[in-house]
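**Student:** Below you will find the structure I want to go over with you.
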Amino acid sequence: MGIEEILNQVKKNYHIQLNFSKAVKLMVFNRLMDPQSKFSITRWKEKLYGQEFQEVELQHFYRALDLLAENKEKIEKRLGKKTLILFKPKVKLVFYDLTTIYFASQMVDDLRRFGYSKENRTDGTQVVMGLVLSDRNIPLGHELFPGNTWEGHTVGKVI
């Protein structure tokens, strides 16, 4: 998919020393194999074979997440083009699904809010995530909304 190339292009716009693509790769590996907090990944990475991720530190994860958020649309657009080239999907129908992501926290900010929880949780904040998939289950995009957003108000923005 050329993800490393895309991430390196994003990094060129910033004056940073961290290895952006390694930090993202490590977070993705962890999410796929043994989902943990960013802090825990700093210990978990020691279980991986080789020295590739030794220089990746906790603050690199947070900075990488900032860069991903700031460049979300650009990254999704480039990945979308790669998907079209590789898989040649004929998108005639898309599916849109929403879920809530719960935080074990009562701290409120721009995204984390109290709202209707699909897990019937009332003791923490949440965010609402919308995911668009092709009829062949190829992710086409996603969007995060404040946790108190009513589902019906998300469709217009995603379209």
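Following the order of the structure tokens, first chain is A, next is B, and so on, with residues numbered from 1 inside each chain and ligands from 1 in the order they appear.
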Output as a Markdown table one row per residue of range 12-108 of chain A within 9 Å of range 129-136 of chain A: the closest atom pair and its distance in Å to one decimal place, counting only C-alpha atoms, sorted by chain and residue number ascending.

**Tutor:**
```
| residue | atom | partner | partner_atom | distance |
| --- | --- | --- | --- | --- |
| A:Pro89 | CA | A:Arg136 | CA | 7.8 |
| A:Lys90 | CA | A:Ser134 | CA | 8.6 |
| A:Val91 | CA | A:Ser134 | CA | 6.1 |
| A:Lys92 | CA | A:Asp135 | CA | 7.6 |
| A:Leu93 | CA | A:Asp135 | CA | 5.7 |
| A:Val94 | CA | A:Ser134 | CA | 4.6 |
| A:Phe95 | CA | A:Leu133 | CA | 5.1 |
| A:Tyr96 | CA | A:Val132 | CA | 4.6 |
| A:Asp97 | CA | A:Leu131 | CA | 5.4 |
| A:Leu98 | CA | A:Gly130 | CA | 4.4 |
| A:Thr99 | CA | A:Met129 | CA | 5.4 |
| A:Thr100 | CA | A:Met129 | CA | 6.1 |
| A:Ile101 | CA | A:Met129 | CA | 7.3 |
```

**Student:** Could you save those same residues with C-alpha atoms as a tab-separated table (two decimals), in the first residue's frame?

**Tutor:**
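Listed below is the output, part-v3.tsv:
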```tsv
chain	number	residue	atom	x	y	z
A	89	PRO	CA	-13.06	-1.92	-6.41
A	90	LYS	CA	-16.21	-0.88	-8.19
A	91	VAL	CA	-17.87	1.08	-5.45
A	92	LYS	CA	-21.58	0.98	-6.16
A	93	LEU	CA	-22.70	0.67	-2.57
A	94	VAL	CA	-21.13	1.76	0.71
A	95	PHE	CA	-21.92	0.81	4.26
A	96	TYR	CA	-21.72	3.19	7.17
A	97	ASP	CA	-21.48	2.03	10.74
A	98	LEU	CA	-21.07	3.85	14.02
A	99	THR	CA	-19.68	2.71	17.29
A	100	THR	CA	-18.80	4.34	20.57
A	101	ILE	CA	-15.34	4.09	22.07
```

**Student:** Using DSSP on the backbone coordinates, identify all residues within range 7-59 of chain A classified as helix (DSSP H, G or I); present the result as a VMD selection string.

**Tutor:** chain A and resid 7 to 11 20 to 33 38 to 47 58 to 59

**Student:** Given the selection you just returned, output its residues as a file containing N, CA and C atoms, formatted as a PDB file, in the first residue's frame.

**Tutor:**
```pdb
ATOM      1  N   LEU A   7       3.755   8.081   4.893  1.00  0.00           N
ATOM      2  CA  LEU A   7       4.137   8.645   6.192  1.00  0.00           C
ATOM      3  C   LEU A   7       5.407   9.491   6.075  1.00  0.00           C
ATOM      4  N   ASN A   8       6.355   9.047   5.262  1.00  0.00           N
ATOM      5  CA  ASN A   8       7.579   9.835   5.062  1.00  0.00           C
ATOM      6  C   ASN A   8       7.276  11.160   4.375  1.00  0.00           C
ATOM      7  N   GLN A   9       6.307  11.172   3.471  1.00  0.00           N
ATOM      8  CA  GLN A   9       5.890  12.430   2.823  1.00  0.00           C
ATOM      9  C   GLN A   9       5.299  13.388   3.857  1.00  0.00           C
ATOM     10  N   VAL A  10       4.482  12.858   4.758  1.00  0.00           N
ATOM     11  CA  VAL A  10       3.894  13.686   5.819  1.00  0.00           C
ATOM     12  C   VAL A  10       4.998  14.262   6.694  1.00  0.00           C
ATOM     13  N   LYS A  11       5.967  13.423   7.067  1.00  0.00           N
ATOM     14  CA  LYS A  11       7.038  13.853   7.972  1.00  0.00           C
ATOM     15  C   LYS A  11       7.859  14.992   7.383  1.00  0.00           C
ATOM     16  N   PHE A  20       8.863   8.555  12.411  1.00  0.00           N
ATOM     17  CA  PHE A  20       7.398   8.569  12.369  1.00  0.00           C
ATOM     18  C   PHE A  20       6.841   7.220  11.911  1.00  0.00           C
ATOM     19  N   SER A  21       7.367   6.689  10.826  1.00  0.00           N
ATOM     20  CA  SER A  21       6.812   5.443  10.289  1.00  0.00           C
ATOM     21  C   SER A  21       7.039   4.275  11.241  1.00  0.00           C
ATOM     22  N   LYS A  22       8.167   4.238  11.955  1.00  0.00           N
ATOM     23  CA  LYS A  22       8.405   3.151  12.920  1.00  0.00           C
ATOM     24  C   LYS A  22       7.445   3.243  14.102  1.00  0.00           C
ATOM     25  N   ALA A  23       7.193   4.456  14.566  1.00  0.00           N
ATOM     26  CA  ALA A  23       6.265   4.628  15.687  1.00  0.00           C
ATOM     27  C   ALA A  23       4.863   4.176  15.281  1.00  0.00           C
ATOM     28  N   VAL A  24       4.425   4.545  14.084  1.00  0.00           N
ATOM     29  CA  VAL A  24       3.101   4.139  13.603  1.00  0.00           C
ATOM     30  C   VAL A  24       3.061   2.619  13.406  1.00  0.00           C
ATOM     31  N   LYS A  25       4.103   2.076  12.795  1.00  0.00           N
ATOM     32  CA  LYS A  25       4.159   0.629  12.556  1.00  0.00           C
ATOM     33  C   LYS A  25       4.068  -0.146  13.874  1.00  0.00           C
ATOM     34  N   LEU A  26       4.792   0.303  14.877  1.00  0.00           N
ATOM     35  CA  LEU A  26       4.779  -0.366  16.171  1.00  0.00           C
ATOM     36  C   LEU A  26       3.393  -0.301  16.811  1.00  0.00           C
ATOM     37  N   MET A  27       2.726   0.849  16.715  1.00  0.00           N
ATOM     38  CA  MET A  27       1.371   0.952  17.272  1.00  0.00           C
ATOM     39  C   MET A  27       0.405   0.028  16.527  1.00  0.00           C
ATOM     40  N   VAL A  28       0.555  -0.068  15.204  1.00  0.00           N
ATOM     41  CA  VAL A  28      -0.321  -0.950  14.417  1.00  0.00           C
ATOM     42  C   VAL A  28      -0.058  -2.406  14.785  1.00  0.00           C
ATOM     43  N   PHE A  29       1.209  -2.806  14.856  1.00  0.00           N
ATOM     44  CA  PHE A  29       1.541  -4.182  15.240  1.00  0.00           C
ATOM     45  C   PHE A  29       0.925  -4.516  16.590  1.00  0.00           C
ATOM     46  N   ASN A  30       1.070  -3.600  17.539  1.00  0.00           N
ATOM     47  CA  ASN A  30       0.526  -3.844  18.867  1.00  0.00           C
ATOM     48  C   ASN A  30      -0.981  -3.974  18.834  1.00  0.00           C
ATOM     49  N   ARG A  31      -1.641  -3.095  18.082  1.00  0.00           N
ATOM     50  CA  ARG A  31      -3.099  -3.133  18.009  1.00  0.00           C
ATOM     51  C   ARG A  31      -3.578  -4.463  17.427  1.00  0.00           C
ATOM     52  N   LEU A  32      -2.840  -4.991  16.445  1.00  0.00           N
ATOM     53  CA  LEU A  32      -3.218  -6.251  15.805  1.00  0.00           C
ATOM     54  C   LEU A  32      -2.906  -7.475  16.672  1.00  0.00           C
ATOM     55  N   MET A  33      -1.794  -7.432  17.409  1.00  0.00           N
ATOM     56  CA  MET A  33      -1.328  -8.621  18.124  1.00  0.00           C
ATOM     57  C   MET A  33      -1.720  -8.676  19.590  1.00  0.00           C
ATOM     58  N   LYS A  38      -0.408   3.077  25.078  1.00  0.00           N
ATOM     59  CA  LYS A  38       0.856   3.541  24.495  1.00  0.00           C
ATOM     60  C   LYS A  38       1.999   3.335  25.483  1.00  0.00           C
ATOM     61  N   PHE A  39       1.754   3.600  26.760  1.00  0.00           N
ATOM     62  CA  PHE A  39       2.780   3.399  27.775  1.00  0.00           C
ATOM     63  C   PHE A  39       3.218   1.936  27.818  1.00  0.00           C
ATOM     64  N   SER A  40       2.271   1.019  27.761  1.00  0.00           N
ATOM     65  CA  SER A  40       2.595  -0.405  27.821  1.00  0.00           C
ATOM     66  C   SER A  40       3.341  -0.894  26.583  1.00  0.00           C
ATOM     67  N   ILE A  41       3.129  -0.231  25.453  1.00  0.00           N
ATOM     68  CA  ILE A  41       3.825  -0.639  24.230  1.00  0.00           C
ATOM     69  C   ILE A  41       5.335  -0.483  24.399  1.00  0.00           C
ATOM     70  N   THR A  42       5.758   0.472  25.216  1.00  0.00           N
ATOM     71  CA  THR A  42       7.199   0.674  25.403  1.00  0.00           C
ATOM     72  C   THR A  42       7.857  -0.552  26.041  1.00  0.00           C
ATOM     73  N   ARG A  43       7.109  -1.318  26.829  1.00  0.00           N
ATOM     74  CA  ARG A  43       7.626  -2.583  27.387  1.00  0.00           C
ATOM     75  C   ARG A  43       7.344  -3.736  26.436  1.00  0.00           C
ATOM     76  N   TRP A  44       6.171  -3.726  25.812  1.00  0.00           N
ATOM     77  CA  TRP A  44       5.764  -4.808  24.905  1.00  0.00           C
ATOM     78  C   TRP A  44       6.728  -4.953  23.732  1.00  0.00           C
ATOM     79  N   LYS A  45       7.270  -3.856  23.239  1.00  0.00           N
ATOM     80  CA  LYS A  45       8.151  -3.899  22.069  1.00  0.00           C
ATOM     81  C   LYS A  45       9.388  -4.755  22.320  1.00  0.00           C
ATOM     82  N   GLU A  46       9.755  -4.942  23.587  1.00  0.00           N
ATOM     83  CA  GLU A  46      10.929  -5.765  23.916  1.00  0.00           C
ATOM     84  C   GLU A  46      10.703  -7.231  23.541  1.00  0.00           C
ATOM     85  N   LYS A  47       9.452  -7.651  23.388  1.00  0.00           N
ATOM     86  CA  LYS A  47       9.132  -9.031  23.025  1.00  0.00           C
ATOM     87  C   LYS A  47       9.308  -9.288  21.529  1.00  0.00           C
ATOM     88  N   LEU A  58       8.009   6.544  24.263  1.00  0.00           N
ATOM     89  CA  LEU A  58       6.609   6.890  24.536  1.00  0.00           C
ATOM     90  C   LEU A  58       6.199   8.189  23.864  1.00  0.00           C
ATOM     91  N   GLN A  59       7.009   9.238  23.971  1.00  0.00           N
ATOM     92  CA  GLN A  59       6.629  10.526  23.386  1.00  0.00           C
ATOM     93  C   GLN A  59       6.533  10.444  21.867  1.00  0.00           C
TER      94      GLN A  59
END
```

**Student:** Identify which of the residues A:Lys88, A:Pro146, A:Glu57, A:Glu4 lies closest to Val108 in chain A, counting only C-alpha atoms when measuring atom-to-atom distances.

**Tutor:** A:Pro146

**Student:** When you look at Asp110 in chain A with a cut-off of 12 Å (counting only C-alpha atoms), what residues show up, excluding the ones that are within fewer than 2 positions of it in the same chain? I need them as an mmCIF file with C-alpha atoms, in the first residue's frame.

**Tutor:**
```cif
data_model
loop_
_atom_site.group_PDB
_atom_site.id
_atom_site.type_symbol
_atom_site.label_atom_id
_atom_site.label_comp_id
_atom_site.auth_asym_id
_atom_site.auth_seq_id
_atom_site.Cartn_x
_atom_site.Cartn_y
_atom_site.Cartn_z
ATOM 1 C CA MET A 107 -12.299 14.019 31.821
ATOM 2 C CA VAL A 108 -14.169 15.942 29.112
ATOM 3 C CA ARG A 112 -14.414 12.918 24.919
ATOM 4 C CA ARG A 113 -17.933 13.615 26.116
ATOM 5 C CA PHE A 114 -20.676 11.904 28.038
ATOM 6 C CA THR A 125 -16.615 9.633 28.541
ATOM 7 C CA GLN A 126 -16.628 8.356 24.983
ATOM 8 C CA VAL A 127 -16.151 9.276 21.341
ATOM 9 C CA LEU A 144 -14.477 10.776 14.908
ATOM 10 C CA PHE A 145 -17.244 12.774 16.563
ATOM 11 C CA PRO A 146 -17.711 14.070 20.096
ATOM 12 C CA GLY A 147 -19.144 11.432 22.401
ATOM 13 C CA ASN A 148 -22.446 13.255 22.809
ATOM 14 C CA THR A 149 -23.172 13.379 19.050
#
```

**Student:** What's the separation between CA of Leu84 in chain A and CA of Gly2 in chain A, in Å to one decimal place?

**Tutor:**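 Between CA of Leu84 in chain A and CA of Gly2 in chain A the gap works out to 13.0 Å.
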
**Student:** Please compute the CA of Gly80 in chain A-CA of Arg63 in chain A distance, one decimal, in Å.

**Tutor:**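 Here the two named atoms are 23.9 Å from each other.
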
**Student:** Report, in Å with one decimal, the straight-line distance from CA of Lys81 in chain A to CA of Phe53 in chain A.

**Tutor:**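 According to the coordinates, CA of Lys81 in chain A and CA of Phe53 in chain A are separated by 29.0 Å.
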
**Student:** Measuring between only C-alpha atoms, which one of A:Leu67, A:Tyr102, A:Leu79, A:Trp150 shows the shortest distance to Ile6 in chain A?

**Tutor:**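 Of A:Leu67, A:Tyr102, A:Leu79, A:Trp150, the one nearest Ile6 in chain A, counting only C-alpha atoms, is A:Leu79.
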
**Student:** For a quick check of understanding, using only C-alpha atoms, which of A:Glu5, A:Gln17, A:Val128, A:Ser37 has the smallest distance to Ala64 in chain A?

**Tutor:**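 The answer is A:Gln17, which sits nearest to Ala64 in chain A.
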
**Student:** Asp123 in chain A: which residues within 10 Å, counting only C-alpha atoms, same-chain residues fewer than 4 positions away excluded, as a VMD selection string?

**Tutor:** chain A and resid 102 to 106 114 117

**Student:** Store the residues picked out above in a file with N, CA and C atoms, as a compact mmCIF listing (two decimals), in the first residue's frame.

**Tutor:**
```
# COMPACT_ATOMS: atom_id res chain seq x y z
N TYR A 102 -15.27 3.85 24.46
CA TYR A 102 -15.41 4.24 25.85
C TYR A 102 -14.04 4.51 26.48
N PHE A 103 -13.98 5.53 27.34
CA PHE A 103 -12.78 5.83 28.11
C PHE A 103 -13.07 5.61 29.58
N ALA A 104 -12.15 5.04 30.29
CA ALA A 104 -12.29 4.88 31.73
C ALA A 104 -11.85 6.20 32.38
N SER A 105 -12.54 7.25 32.03
CA SER A 105 -12.18 8.59 32.50
C SER A 105 -13.44 9.45 32.50
N GLN A 106 -13.45 10.41 33.37
CA GLN A 106 -14.55 11.37 33.37
C GLN A 106 -14.08 12.73 32.89
N PHE A 114 -19.67 12.85 27.57
CA PHE A 114 -20.68 11.90 28.04
C PHE A 114 -21.79 11.88 27.00
N SER A 117 -24.32 5.59 25.42
CA SER A 117 -23.33 4.53 25.29
C SER A 117 -24.00 3.25 24.82
```

**Student:** With only C-alpha atoms as the counted atoms, please give the residues lying no more than 10 Å from Glu73 in chain A, apart from itself and same-chain residues fewer than 4 positions off, as an mmCIF file with N, CA and C atoms, in the first residue's frame.

**Tutor:**
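Saved to part23.cif:
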```cif
data_model
loop_
_atom_site.group_PDB
_atom_site.id
_atom_site.type_symbol
_atom_site.label_atom_id
_atom_site.label_comp_id
_atom_site.auth_asym_id
_atom_site.auth_seq_id
_atom_site.Cartn_x
_atom_site.Cartn_y
_atom_site.Cartn_z
ATOM 1 N N LEU A 68 -0.682 12.061 12.649
ATOM 2 C CA LEU A 68 -1.744 11.319 11.950
ATOM 3 C C LEU A 68 -3.045 12.109 11.964
ATOM 4 N N ALA A 69 -3.384 12.678 13.113
ATOM 5 C CA ALA A 69 -4.628 13.449 13.216
ATOM 6 C C ALA A 69 -4.582 14.695 12.336
ATOM 7 N N LYS A 77 -6.731 10.004 1.664
ATOM 8 C CA LYS A 77 -6.868 10.218 0.220
ATOM 9 C C LYS A 77 -5.818 9.414 -0.545
ATOM 10 N N ARG A 78 -4.568 9.467 -0.078
ATOM 11 C CA ARG A 78 -3.499 8.716 -0.754
ATOM 12 C C ARG A 78 -3.700 7.215 -0.620
ATOM 13 N N LEU A 79 -4.129 6.756 0.559
ATOM 14 C CA LEU A 79 -4.410 5.328 0.729
ATOM 15 C C LEU A 79 -5.595 4.903 -0.133
ATOM 16 N N GLY A 141 -13.013 5.210 4.624
ATOM 17 C CA GLY A 141 -12.769 6.388 5.439
ATOM 18 C C GLY A 141 -13.410 6.249 6.808
ATOM 19 N N HIS A 142 -13.020 7.137 7.697
ATOM 20 C CA HIS A 142 -13.608 7.159 9.033
ATOM 21 C C HIS A 142 -13.642 8.589 9.537
ATOM 22 N N GLU A 143 -14.417 8.787 10.562
ATOM 23 C CA GLU A 143 -14.519 10.110 11.179
ATOM 24 C C GLU A 143 -14.801 9.930 12.661
#
```
